[in-house]
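Student: For reference, this is my_file.cif, and it has mmCIF, C-alpha atoms.
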data_target
#
loop_
_atom_site.label_atom_id
_atom_site.label_comp_id
_atom_site.auth_asym_id
_atom_site.auth_seq_id
_atom_site.Cartn_x
_atom_site.Cartn_y
_atom_site.Cartn_z
CA MET A 92 0.00 0.00 0.00
CA SER A 93 1.41 3.38 -0.98
CA ASP A 94 1.91 6.28 1.44
CA ALA A 95 -0.87 8.17 -0.35
CA GLU A 96 -3.29 5.25 0.10
CA ILE A 97 -2.42 4.96 3.78
CA LYS A 98 -2.92 8.70 4.25
CA HIS A 99 -6.33 8.46 2.57
CA ILE A 100 -7.36 5.71 5.03
CA HIS A 101 -6.02 7.71 7.98
CA ASN A 102 -8.12 10.71 6.96
CA TYR A 103 -11.30 8.65 7.18
CA GLU A 104 -10.28 7.02 10.44
CA ILE A 105 -9.38 10.24 12.25
CA ASP A 106 -12.82 11.56 11.35
CA MET A 107 -14.36 8.35 12.74
CA LEU A 108 -12.36 8.83 15.95
CA ARG A 109 -13.55 12.41 16.15
CA GLU A 110 -17.13 11.14 15.97
CA ILE A 111 -16.52 8.50 18.65
CA GLU A 112 -14.94 11.10 20.94
CA ARG A 113 -17.89 13.45 20.43
CA ILE A 114 -20.50 10.78 21.17
CA THR A 115 -18.73 9.23 24.16
CA LYS A 116 -18.12 12.61 25.81
CA LYS A 117 -21.73 13.63 25.28
CA ASN A 118 -22.92 10.39 26.90
CA SER A 119 -20.22 9.99 29.61
CA ILE A 120 -18.76 6.73 28.32
CA LYS A 121 -15.07 5.98 28.82
CA TYR A 122 -13.10 4.38 26.03
CA TYR A 123 -9.38 4.14 25.32
CA LEU A 124 -7.10 3.92 22.31
CA ALA A 125 -5.46 0.50 22.44
CA TYR A 126 -2.69 -1.58 20.86
CA GLY A 127 -0.98 0.06 17.88
CA SER A 128 -3.27 3.08 18.12
CA ALA A 129 -2.10 3.74 21.69
CA ILE A 130 1.53 3.28 20.63
CA GLY A 131 0.94 5.74 17.79
CA ALA A 132 -0.40 8.33 20.23
CA VAL A 133 2.60 8.01 22.55
CA ARG A 134 5.35 7.54 19.98
CA HIS A 135 4.13 9.46 16.92
CA LYS A 136 1.41 11.77 18.30
CA GLY A 137 -0.91 10.14 15.78
CA PHE A 138 -1.05 7.06 13.60
CA ILE A 139 1.90 4.73 13.29
CA PRO A 140 2.83 5.83 9.74
CA TRP A 141 2.61 2.38 8.14
CA ASP A 142 -0.34 1.06 10.16
CA THR A 143 -3.99 1.42 9.07
CA ASP A 144 -5.62 -0.42 11.99
CA VAL A 145 -7.38 1.61 14.68
CA ASP A 146 -8.35 -0.09 17.95
CA ILE A 147 -10.29 1.11 20.96
CA ILE A 148 -11.38 -0.75 24.10
CA VAL A 149 -14.57 -0.30 26.14
CA ASP A 150 -15.70 -2.16 29.25
CA ILE A 151 -18.50 -4.64 28.66
CA ASP A 152 -20.87 -2.77 30.99
CA ASN A 153 -20.91 0.12 28.49
CA TYR A 154 -20.35 -1.82 25.28
CA GLU A 155 -23.93 -2.37 24.12
CA ARG A 156 -24.89 1.16 25.12
CA LEU A 157 -22.04 2.56 23.03
CA ASP A 158 -23.04 0.35 20.11
CA ASN A 159 -26.58 1.73 20.25
CA LEU A 160 -25.46 5.34 20.59
CA LEU A 161 -23.05 5.09 17.69
CA SER A 162 -25.75 3.50 15.55
CA LYS A 163 -28.04 6.47 16.24
CA GLU A 164 -25.61 9.40 16.41
CA LEU A 165 -22.73 8.72 14.02
CA ASN A 166 -22.32 10.99 11.03
CA GLU A 167 -24.37 9.53 8.17
CA LYS A 168 -21.14 8.69 6.31
CA TYR A 169 -20.48 5.88 8.81
CA ARG A 170 -22.19 2.91 10.38
CA VAL A 171 -21.62 0.28 13.07
CA LYS A 172 -21.05 -3.19 11.66
CA ASN A 173 -21.43 -6.28 13.85
CA TYR A 174 -22.93 -9.75 13.92
CA LYS A 175 -26.25 -8.35 15.18
CA ASN A 176 -26.94 -6.07 12.23
CA ASP A 177 -24.89 -7.49 9.33
CA ASP A 178 -24.81 -11.15 8.36
CA THR A 179 -21.53 -10.61 6.48
CA ALA A 180 -19.74 -9.64 9.71
CA SER A 181 -17.03 -12.20 10.47
CA LEU A 182 -16.05 -10.84 13.88
CA LEU A 183 -17.69 -11.05 17.30
CA PHE A 184 -17.07 -7.39 18.07
CA SER A 185 -18.21 -4.14 16.48
CA ARG A 186 -16.52 -1.98 13.89
CA VAL A 187 -17.19 1.56 12.74
CA VAL A 188 -16.99 1.47 8.95
CA LEU A 189 -17.89 3.58 5.95
CA LYS A 190 -21.61 3.41 5.26
CA ASN A 191 -21.45 1.51 1.96
CA ASP A 192 -18.18 -0.34 2.50
CA ASN A 193 -17.30 -3.85 3.70
CA GLY A 194 -15.05 -2.41 6.41
CA ILE A 195 -12.03 -4.59 5.67
CA THR A 196 -9.62 -1.75 4.93
CA VAL A 197 -11.14 1.33 6.60
CA HIS A 198 -12.47 0.68 10.09
CA ILE A 199 -12.19 1.23 13.82
CA ASP A 200 -12.34 -1.92 15.93
CA ILE A 201 -14.24 -1.65 19.22
CA PHE A 202 -13.06 -4.37 21.59
CA PRO A 203 -15.00 -5.51 24.70
CA MET A 204 -13.15 -5.68 28.02
CA VAL A 205 -14.73 -8.30 30.27
CA GLY A 206 -14.20 -9.59 33.79
CA LEU A 207 -12.13 -12.65 34.65
CA PRO A 208 -12.06 -15.24 37.43
CA GLN A 209 -9.38 -14.86 40.11
CA ASN A 210 -8.06 -18.40 39.70
CA LYS A 211 -5.17 -18.62 37.19
CA LEU A 212 -6.24 -22.00 35.78
CA LYS A 213 -9.78 -20.75 35.27
CA GLN A 214 -8.38 -17.66 33.55
CA HIS A 215 -6.43 -19.81 31.09
CA ILE A 216 -9.49 -21.96 30.36
CA PHE A 217 -11.59 -18.82 29.84
CA ILE A 218 -9.02 -17.36 27.45
CA ARG A 219 -8.66 -20.57 25.45
CA LEU A 220 -12.43 -20.92 25.13
CA ALA A 221 -12.78 -17.29 23.98
CA ARG A 222 -10.09 -17.82 21.35
CA ILE A 223 -11.77 -20.98 20.03
CA ILE A 224 -15.17 -19.27 19.81
CA ASN A 225 -13.77 -16.24 18.00
CA GLY A 226 -11.70 -18.37 15.65
CA PHE A 227 -14.52 -20.69 14.64
CA TYR A 228 -16.88 -17.77 14.08
CA PHE A 229 -14.36 -15.89 11.96
CA PHE A 230 -13.55 -18.78 9.65
CA LYS A 231 -17.20 -19.77 9.41
CA LYS A 232 -18.23 -16.32 8.21
CA VAL A 233 -15.18 -14.92 6.41
CA ASN A 234 -14.99 -14.53 2.65
CA PRO A 235 -11.39 -15.72 2.03
CA GLU A 236 -10.95 -14.14 -1.40
CA MET A 237 -12.17 -10.76 -0.17
CA HIS A 238 -10.40 -10.76 3.21
CA TYR A 239 -7.07 -12.18 2.01
CA LYS A 240 -6.97 -10.59 -1.42
CA ASN A 241 -3.96 -11.84 -3.45
CA GLN A 242 -2.65 -13.93 -0.51
CA GLU A 243 -3.05 -17.41 -1.96
CA LYS A 244 -1.61 -19.35 0.98
CA LYS A 245 -3.90 -17.63 3.49
CA ILE A 246 -6.87 -18.15 1.17
CA ARG A 247 -6.20 -21.90 1.00
CA ILE A 248 -5.77 -22.22 4.76
CA SER A 249 -8.87 -20.13 5.40
CA LYS A 250 -10.96 -22.32 3.08
CA LEU A 251 -9.81 -25.44 4.92
CA LEU A 252 -10.67 -23.94 8.31
CA LYS A 253 -14.00 -22.81 6.90
CA ILE A 254 -14.85 -26.44 6.12
CA ILE A 255 -13.88 -27.46 9.66
CA ALA A 256 -16.03 -24.70 11.19
CA PHE A 257 -19.03 -25.32 8.92
CA PRO A 258 -20.92 -27.82 11.16
CA ILE A 259 -20.91 -25.48 14.16
CA PRO A 260 -24.01 -23.23 14.25
CA SER A 261 -23.28 -19.50 14.27
CA LYS A 262 -26.01 -19.00 16.86
CA LEU A 263 -24.26 -21.40 19.23
CA LEU A 264 -20.97 -19.50 18.94
CA ILE A 265 -22.77 -16.19 19.54
CA PHE A 266 -24.59 -17.68 22.54
CA MET A 267 -21.32 -18.89 24.06
CA LYS A 268 -19.59 -15.56 23.45
CA GLU A 269 -22.43 -13.64 25.09
CA LYS A 270 -22.35 -15.98 28.09
CA LEU A 271 -18.63 -15.34 28.56
CA GLU A 272 -19.20 -11.57 28.43
CA LYS A 273 -21.22 -11.55 31.65
CA MET A 274 -19.86 -14.65 33.39
CA TYR A 275 -17.50 -12.69 35.67
CA PRO A 276 -18.78 -9.16 36.43
CA ILE A 277 -16.05 -6.54 36.19
CA LYS A 278 -17.12 -4.89 39.45
CA LYS A 279 -16.43 -8.08 41.44
CA GLY A 280 -12.97 -8.91 40.07
CA GLN A 281 -9.48 -7.45 39.88
CA TYR A 282 -8.69 -8.14 36.24
CA VAL A 283 -10.15 -7.46 32.81
CA PHE A 284 -9.52 -9.11 29.46
CA ASN A 285 -10.23 -8.32 25.80
CA LEU A 286 -12.67 -11.08 24.92
CA CYS A 287 -11.83 -10.78 21.22
CA GLY A 288 -8.11 -10.08 21.50
CA ALA A 289 -5.17 -11.81 19.86
CA TYR A 290 -2.47 -11.69 22.57
CA GLY A 291 -3.64 -14.43 24.93
CA VAL A 292 -2.55 -14.00 28.56
CA LYS A 293 -0.98 -10.63 27.67
CA GLU A 294 -4.55 -9.35 27.36
CA ILE A 295 -5.07 -9.85 31.11
CA ILE A 296 -4.62 -6.51 32.89
CA PRO A 297 -5.60 -5.11 36.30
CA LYS A 298 -8.89 -3.27 35.90
CA ASP A 299 -7.40 -0.31 37.78
CA TRP A 300 -5.26 0.41 34.70
CA LEU A 301 -8.48 1.45 32.97
CA SER A 302 -9.89 3.51 35.82
CA GLU A 303 -8.96 6.88 34.32
CA GLN A 304 -8.32 8.42 30.91
CA ALA A 305 -5.17 10.33 29.94
CA TYR A 306 -5.52 12.51 26.83
CA PHE A 307 -2.78 12.53 24.21
CA ASP A 308 -2.25 14.46 21.00
CA PHE A 309 -3.36 12.33 18.07
CA GLU A 310 -2.96 14.00 14.69
CA ASN A 311 -4.95 17.23 15.24
CA GLU A 312 -7.09 15.78 18.03
CA LYS A 313 -6.73 14.88 21.70
CA LEU A 314 -7.79 11.30 22.38
CA PRO A 315 -7.80 9.09 25.49
CA LEU A 316 -5.41 6.33 26.54
CA PRO A 317 -5.49 4.42 29.82
CA LYS A 318 -3.89 6.53 32.53
CA GLU A 319 -1.51 3.60 33.12
CA TYR A 320 -0.71 3.45 29.41
CA ASP A 321 2.99 2.68 29.99
CA LYS A 322 2.21 -0.38 32.13
CA TYR A 323 -0.45 -1.48 29.65
CA LEU A 324 1.72 -1.18 26.54
CA THR A 325 4.82 -2.63 28.20
CA HIS A 326 2.75 -5.59 29.42
CA ILE A 327 1.71 -6.43 25.86
CA TYR A 328 4.71 -5.35 23.76
CA GLY A 329 7.73 -4.90 26.00
CA ASP A 330 9.80 -2.05 24.53
CA TYR A 331 6.98 -0.41 22.60
CA MET A 332 8.95 2.77 21.94
CA THR A 333 11.27 0.99 19.51
CA PRO A 334 9.51 0.64 16.13
CA LYS A 335 9.05 -2.91 14.86
CA LYS A 336 7.58 -2.46 11.40
CA ASP A 337 7.30 -6.20 10.72
CA ASN A 338 4.87 -6.46 13.65
CA TYR A 339 2.96 -3.28 12.66
CA VAL A 340 3.78 -1.52 15.92
#
Hey, can you dump this file as structure tokens for me?

Tutor:
Amino acid sequence: MSDAEIKHIHNYEIDMLREIERITKKNSIKYYLAYGSAIGAVRHKGFIPWDTDVDIIVDIDNYERLDNLLSKELNEKYRVKNYKNDDTASLLFSRVVLKNDNGITVHIDIFPMVGLPQNKLKQHIFIRLARIINGFYFFKKVNPEMHYKNQEKKIRISKLLKIIAFPIPSKLLIFMKEKLEKMYPIKKGQYVFNLCGAYGVKEIIPKDWLSEQAYFDFENEKLPLPKEYDKYLTHIYGDYMTPKKDNYV
């Protein structure tokens, strides 16, 4: 992807972030830039130059409310895409996308932070189950040719996994995911976890790290990170201030 193409995507996504910031402030909902987006805020005061992904995290107690508010109040250029309102959605979390677009290239991922059990073994079982549910749903619903355009090896692997996932009902996977969301209330535990994350045990963080927002310059905006952003990013990435382009951070 050329620098001009990346810049074009970034222009859409900063406007989406501006909309999310407007709506969450108006309705007193906390969210945080996460993953590469948080690194970009700290290290680049904006997007990581070569990265087009934008990620935010929201606690599960506010997740559905935010979904509903975004659906009603977003600029008409955008929409919320998820498994509840779009049968082509291959993910078990929501995305803000362009109104008439599939959302593969231009999007903001909204990840749900859920509570966890205190017991370490139970945590590992919970995480493994979440990963299985997300994986089966993704490969059941994904369009390999569209998602992995011109990546023949990934297309072949995805088609094989699609066959494996085929017998499992989508409704069952959604049911299981929604059970996990509320199984361990955040208010009663010490830790939270991105139910749809990709980093395994590195996704487990003390809920206190998300107790307050810290605003950072992001392009021409000011957007929120967790107040304990350094602990959060170090926990996941280690030395996050040293660019690692191969890993998109």

Student: Have a look at A:Lys213, A:Lys298, A:Lys168, A:Lys322 and name the one nearest to Asn191 (chain A); count all atoms listed in the file.

Tutor: A:Lys168

Student: Mind giving me the straight-line distance from CA of Leu108 (chain A) to CA of Asn153 (chain A) in Å, one decimal?

Tutor: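 Spanning CA of Leu108 (chain A) to CA of Asn153 (chain A) is a straight-line distance of 17.5 Å.
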
Student: May I ask which of the residues A:Glu96, A:Glu269, A:Asp330, A:Glu112 is the closest one to Asn225 (chain A), counting all atoms listed in the file?

Tutor: A:Glu269

Student: Hey, can you check how far CA of Leu157 (chain A) sits from CA of Lys116 (chain A)?

Tutor: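 Between CA of Leu157 (chain A) and CA of Lys116 (chain A) the gap works out to 11.1 Å.
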
Student: Just checking: using all atoms listed in the file, which residue out of A:Met92, A:His135, A:Met237, A:Met107 ends up closest to Tyr331 (chain A)?

Tutor: A:His135

Student: Separation of CA of Leu124 (chain A) and CA of Gln281 (chain A), in Å?

Tutor: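 Answer for the CA of Leu124 (chain A) to CA of Gln281 (chain A) separation: 21.1 Å.
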
Student: Tell me which residues the PyMOL selection byres ((chain A and resi 144-148) around 7) grabs here, as a ChimeraX atom specification.

Tutor: /A:122-126,128,142-143,149-150,198-204

Student: Keeping C-alpha atoms for every residue in the selection just given, could you write it to a file as a short mmCIF file (atom, residue, chain, number, x, y, z; two decimals), in the coordinates of the input?

Tutor:
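Wrote part_8.cif, looks like this:
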data_model
loop_
_atom_site.label_atom_id
_atom_site.label_comp_id
_atom_site.auth_asym_id
_atom_site.auth_seq_id
_atom_site.Cartn_x
_atom_site.Cartn_y
_atom_site.Cartn_z
CA TYR A 122 -13.10 4.38 26.03
CA TYR A 123 -9.38 4.14 25.32
CA LEU A 124 -7.10 3.92 22.31
CA ALA A 125 -5.46 0.50 22.44
CA TYR A 126 -2.69 -1.58 20.86
CA SER A 128 -3.27 3.08 18.12
CA ASP A 142 -0.34 1.06 10.16
CA THR A 143 -3.99 1.42 9.07
CA VAL A 149 -14.57 -0.30 26.14
CA ASP A 150 -15.70 -2.16 29.25
CA HIS A 198 -12.47 0.68 10.09
CA ILE A 199 -12.19 1.23 13.82
CA ASP A 200 -12.34 -1.92 15.93
CA ILE A 201 -14.24 -1.65 19.22
CA PHE A 202 -13.06 -4.37 21.59
CA PRO A 203 -15.00 -5.51 24.70
CA MET A 204 -13.15 -5.68 28.02
#

Student: So which one's closest to Gly288 (chain A), A:Ile265, A:Leu183, A:Val188, A:Met274? Using all atoms listed in the file, please.

Tutor: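 Among A:Ile265, A:Leu183, A:Val188, A:Met274, it is A:Leu183 that comes nearest to Gly288 (chain A).
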
Student: With all atoms listed in the file as the basis for distance, which of A:Trp300, A:Phe217, A:Phe230, A:Phe309 is at the shortest distance from Arg247 (chain A)?

Tutor: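 Once distances to Arg247 (chain A) are computed over all atoms listed in the file, the minimum belongs to A:Phe230.
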
Student: Centre and edge lengths, as JSON, for the axis-aligned box enclosing every listed atom of region 320-333 of chain A with 3 Å of padding on each of the six sides, in Å to one decimal?

Tutor:
{"center_x": 5.3, "center_y": -1.5, "center_z": 25.8, "size_x": 18.0, "size_y": 15.9, "size_z": 18.6}

Student: For region 297-321 of chain A, where the input has fewer atoms than it should, I would like N, CA and C atoms rebuilt and written as a CSV table (one decimal), in the frame of the given file.

Tutor:
chain,number,residue,atom,x,y,z
A,297,PRO,N,-4.8,-5.6,35.1
A,297,PRO,CA,-5.6,-5.1,36.3
A,297,PRO,C,-6.6,-4.1,35.9
A,298,LYS,N,-7.8,-4.2,36.4
A,298,LYS,CA,-8.9,-3.3,35.9
A,298,LYS,C,-8.6,-1.8,36.3
A,299,ASP,N,-7.8,-1.7,37.3
A,299,ASP,CA,-7.4,-0.3,37.8
A,299,ASP,C,-6.6,0.5,36.7
A,300,TRP,N,-6.0,-0.3,35.8
A,300,TRP,CA,-5.3,0.4,34.7
A,300,TRP,C,-6.2,1.2,33.8
A,301,LEU,N,-7.5,0.8,33.8
A,301,LEU,CA,-8.5,1.4,33.0
A,301,LEU,C,-9.4,2.3,33.8
A,302,SER,N,-9.0,2.7,35.0
A,302,SER,CA,-9.9,3.5,35.8
A,302,SER,C,-10.0,5.0,35.4
A,303,GLU,N,-8.9,5.5,34.7
A,303,GLU,CA,-9.0,6.9,34.3
A,303,GLU,C,-8.4,7.0,32.9
A,304,GLN,N,-8.8,8.1,32.2
A,304,GLN,CA,-8.3,8.4,30.9
A,304,GLN,C,-7.2,9.4,31.0
A,305,ALA,N,-6.2,9.3,30.1
A,305,ALA,CA,-5.2,10.3,29.9
A,305,ALA,C,-5.2,10.7,28.5
A,306,TYR,N,-5.4,12.0,28.2
A,306,TYR,CA,-5.5,12.5,26.8
A,306,TYR,C,-4.2,12.8,26.2
A,307,PHE,N,-4.0,12.3,25.0
A,307,PHE,CA,-2.8,12.5,24.2
A,307,PHE,C,-3.1,13.2,22.9
A,308,ASP,N,-2.1,13.9,22.4
A,308,ASP,CA,-2.2,14.5,21.0
A,308,ASP,C,-2.3,13.3,20.0
A,309,PHE,N,-3.2,13.4,19.1
A,309,PHE,CA,-3.4,12.3,18.1
A,309,PHE,C,-3.7,13.0,16.8
A,310,GLU,N,-2.8,13.2,15.9
A,310,GLU,CA,-3.0,14.0,14.7
A,310,GLU,C,-3.4,15.4,15.2
A,311,ASN,N,-4.5,15.9,14.8
A,311,ASN,CA,-5.0,17.2,15.2
A,311,ASN,C,-6.0,17.2,16.4
A,312,GLU,N,-6.1,16.0,17.0
A,312,GLU,CA,-7.1,15.8,18.0
A,312,GLU,C,-6.4,15.5,19.4
A,313,LYS,N,-7.2,15.4,20.4
A,313,LYS,CA,-6.7,14.9,21.7
A,313,LYS,C,-7.6,13.7,22.0
A,314,LEU,N,-7.0,12.5,22.2
A,314,LEU,CA,-7.8,11.3,22.4
A,314,LEU,C,-7.3,10.5,23.6
A,315,PRO,N,-8.1,9.7,24.2
A,315,PRO,CA,-7.8,9.1,25.5
A,315,PRO,C,-7.1,7.7,25.4
A,316,LEU,N,-6.1,7.6,26.3
A,316,LEU,CA,-5.4,6.3,26.5
A,316,LEU,C,-5.7,6.0,28.0
A,317,PRO,N,-5.4,4.7,28.4
A,317,PRO,CA,-5.5,4.4,29.8
A,317,PRO,C,-4.5,5.3,30.6
A,318,LYS,N,-4.8,5.7,31.8
A,318,LYS,CA,-3.9,6.5,32.5
A,318,LYS,C,-2.6,5.8,32.8
A,319,GLU,N,-2.7,4.5,32.9
A,319,GLU,CA,-1.5,3.6,33.1
A,319,GLU,C,-1.1,3.0,31.8
A,320,TYR,N,-1.0,3.9,30.8
A,320,TYR,CA,-0.7,3.4,29.4
A,320,TYR,C,0.7,2.8,29.3
A,321,ASP,N,1.6,3.3,30.1
A,321,ASP,CA,3.0,2.7,30.0
A,321,ASP,C,3.0,1.2,30.5
